[in-house]
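Student: The structure that follows is given in the form of structure tokens.
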Amino acid sequence: MAYIQGQSRSQTSLFPVSLEELIPEDHLVRVIDLYVAKLDLARLGFDKALPKSTGRPSYDPADQLKLYLYGYFQRIRSSRRLEAECQRNIEVMWLINRLKPDFKTIADFRKDNKPAFIATCRAFVQFCRTEGLITGELVAIDGSKFQAVASSRRHTNLKRLQHQKLEKRIAQYLAELDEADKTEAGEKINRSAIRTTLTQLEVRHSNNLTCQALMKSMALEQFNTHESDARMLRTHKGPRVGYNVQTAVDAEHCMIVHHEVTQDSDDRKQLEPMAKAAKEQLSQDELTVTADAGYSNGKQFQACEDENITAYVPVARSLNSCGKEQAFFDRTAFAYDASQDRYQCPAGKWLIFKQISNKGRIYQSALSDCASCPLKAQCTEAQRRYISRHLHEKAFERMEQRRQAHPEMMVNRRFIVEHPFGNLKQWLFGNARFLLRQLEGARAEMAFAVNAYNLKRAINVLGVRQMMALMG
């Protein structure tokens, strides 16, 4: 039995097949085409959105935006690979009408329109909200680390600079030269090599001190010579130079309402800014949000309440046990008397207010009470017991009450917010790093990725034909 045969390469046709015939009616590129045509590129801030009457004609930013959106859908972020797609991919040929921009033109478009990409991403969120794809009833917030362009080998910090033992090595070489001058055995020592090495060490030491002085004057704890905005972050794969990407995800269809690329090493200060930005994006007076224990921060809890934001976050507190190895009475064993602003210990004695520190309000017991207390061995090794009370302790208590009343919020959080990051890292980025340098570049690239993710989610929910009907 013969194999299925294809058409001969030399076969001619009286009527050549057009690109329109090769693209199905419900293809993704048709959605991208209608979506970009719906945008007001001039209002969004795209460069060259209005063509000039004189000079060499430029590429339409609409065509370049279509190319990049298609590229992010197909996990193609490199400008050189996009250039290749323009010359071989029939879908791209249909999408941008057989245009063949070179990689430099493609890369410059992404470099010159960074703020416009963020505005475009927000505009699509508003479109989804108008069409009912985003309801704003519940928003989950989470963060994830994305690797920067810069290498960790180009990264340094003050602690590392201060611990370099250059002065000790310089002193060692000077001692060797002195010893060689005093003894006849010193004739066998290569003084020229030692002096050359010594000069190099002195230059490195001078550069080290200059770098430390500059970092201290700029209030910097760390610095990367190839990408000054990048920070060394802790990840499950070890320390990586990168950025902390925050997302606020709507519960209805797991669409990203708001995102932000930050330099913070953790999430403790991100709850209120992200929740407030999501509330503004949704144009709501109130908002319910949920996040994991990494966002536990009393000041942030209070700030959310002040903004009419109801948050559900597991409370993470230090033990406050006044002991290193032995298990002493925890803070919870002490009863707080709000009327007198004091604590009662398990033995019935009172700890009175002493001072306010960076840890909060400090309370201490009387020396005489602790000296004669039969429970002292279970309480502290010090002469007296101290208890710290957070300045926003009431906010912690209210948060814990809300979380216990609605334990399902933590389960819902995982289903809502883990989905987008899984897609962004595996589907869009492929566990790769950013391609653009500095915070501004990372924000532009993440806006592209979020826009592509939201568009894909909308297509999955509504279907291609309904999306085309809404955009047409």
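Residues are named by chain letter and number: chains run A, B, ... in the order of the structure tokens, numbers start at 1 in each chain, and ligands are numbered from 1 in the order shown.
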Show me, as a list in words, the residues that have an atom within 8 Å of stretch 366-375 of chain A when counting only C-alpha atoms, minus same-chain residues fewer than 2 positions from it.
Tutor: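 Here the answer would be Ala347, Lys349, Trp350, Leu351, Gln364, Ala377, Gln378, Cys379, Gln383, Arg384 and Arg385 of chain A.
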Student: Store the residues picked out above in a file with C-alpha atoms, as a PDB file, in the first residue's frame.
Tutor:
```pdb
ATOM      1  CA  ALA A 347       1.793  33.879  88.070  1.00  0.00           C
ATOM      2  CA  LYS A 349       1.851  39.557  88.550  1.00  0.00           C
ATOM      3  CA  TRP A 350       1.667  42.685  86.358  1.00  0.00           C
ATOM      4  CA  LEU A 351       4.011  43.929  83.644  1.00  0.00           C
ATOM      5  CA  GLN A 364       8.393  44.902  82.087  1.00  0.00           C
ATOM      6  CA  ALA A 377      12.454  29.054  85.384  1.00  0.00           C
ATOM      7  CA  GLN A 378       9.653  28.662  82.815  1.00  0.00           C
ATOM      8  CA  CYS A 379       9.525  32.370  82.005  1.00  0.00           C
ATOM      9  CA  GLN A 383      16.371  39.258  86.006  1.00  0.00           C
ATOM     10  CA  ARG A 384      12.902  40.288  84.828  1.00  0.00           C
ATOM     11  CA  ARG A 385      10.495  39.455  82.005  1.00  0.00           C
TER      12      ARG A 385
END
```
Student: Any idea what's packed within 12 Å of A:Ala442, counting only C-alpha atoms, ignoring anything in its chain fewer than 4 positions away? Could you give it as JSON, numbers by chain?
Tutor: {"A": [110, 111, 114, 115, 117, 118, 145, 146, 147, 148, 149, 150, 227, 229, 230, 242, 243, 244, 245, 259, 260, 261, 262, 263, 433, 434, 435, 436, 437, 438, 446, 447, 448, 449]}
Student: Need to verify the contact set: A:Gln284, 12 Å, only C-alpha atoms, exclusion of same-chain residues closer than 3 positions in sequence. Can you return it as a list in words?
Tutor: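 Final neighbour list, sorted by chain and number: Arg129, Thr135, Gly136, Glu137, Leu138, Ala275, Lys276, Ala277, Ala278, Lys279, Glu280, Gln281, Leu287, Thr288, Glu307, Asn308 and Ile309 of chain A.
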Student: Would you export the selected residues with C-alpha atoms as a compact mmCIF listing (two decimals), in the first residue's frame, please?
Tutor:
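Once everything was written out, this is out.txt:
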```
# COMPACT_ATOMS: atom_id res chain seq x y z
CA ARG A 129 -14.19 44.51 33.47
CA THR A 135 -16.06 41.06 38.86
CA GLY A 136 -13.87 42.39 41.69
CA GLU A 137 -15.66 40.38 44.40
CA LEU A 138 -12.43 38.75 45.60
CA ALA A 275 -4.75 46.09 47.17
CA LYS A 276 -5.19 49.85 46.84
CA ALA A 277 -4.04 49.82 43.19
CA ALA A 278 -6.41 46.94 42.42
CA LYS A 279 -9.28 48.81 44.06
CA GLU A 280 -8.57 51.88 41.95
CA GLN A 281 -8.31 49.78 38.80
CA LEU A 287 -12.47 45.41 48.14
CA THR A 288 -11.87 41.97 49.63
CA GLU A 307 -8.78 52.20 52.72
CA ASN A 308 -11.96 50.07 53.14
CA ILE A 309 -10.06 46.94 52.10
```
Student: Report as a PyMOL selection string: the residues of stretch 198-435 of chain A with a DSSP assignment of strand (DSSP E), based on the backbone of this structure.
Tutor: chain A and resi 222-224+231-235+238-250+256-262+287-290+309-312+335-337+342-344+350-357+360-364+386-389
Student: From the list A:Ser365, A:Thr290, A:Gln7, A:Thr54, which residue is nearest A:Pro314 when using only C-alpha atoms?
Tutor: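 Smallest separation from A:Pro314 among the options: A:Thr290.
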Student: Pick out the residues sitting within 12 Å of A:Ile416, and hand them over as a PyMOL selection string; count only C-alpha atoms, and ignore anything fewer than 2 positions along from it in its own chain.
Tutor: chain A and resi 138-142+247-256+289-291+409-414+418-422
Student: At what distance in Å, to one decimal, does atom CA of A:Ala62 lie from atom CA of A:Gly132?
Tutor: 26.3 Å
Student: With distances taken over only C-alpha atoms, which residue among A:Lys269, A:Lys237, A:Leu455, A:Thr380 lies nearest A:Met468?
Tutor: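 Counting only C-alpha atoms, the residue closest to A:Met468 is A:Leu455.
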Student: With distances taken over only C-alpha atoms, which residue among A:Lys376, A:Arg80, A:Lys359, A:Arg389 lies nearest A:Phe328?
Tutor: A:Lys376
Student: If you measure from atom CA of A:Gln87 to atom CA of A:Gly472, what distance in Å do you get, rounded to one decimal?
Tutor: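 So the two atoms, atom CA of A:Gln87 and atom CA of A:Gly472, lie 28.5 Å apart.
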Student: Between atom CA of A:Met93 and atom CA of A:Ile459, measure the distance and give it in Å to one decimal.
Tutor: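 Here the two named atoms are 21.9 Å from each other.
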Student: Let me make sure I understand: among A:Gln5, A:Gln426, A:Gln126, A:Asn113, which one has the smallest atom-to-atom distance to A:Ser283 if we use only C-alpha atoms?
Tutor: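 Result for the nearest residue to A:Ser283: A:Gln126.
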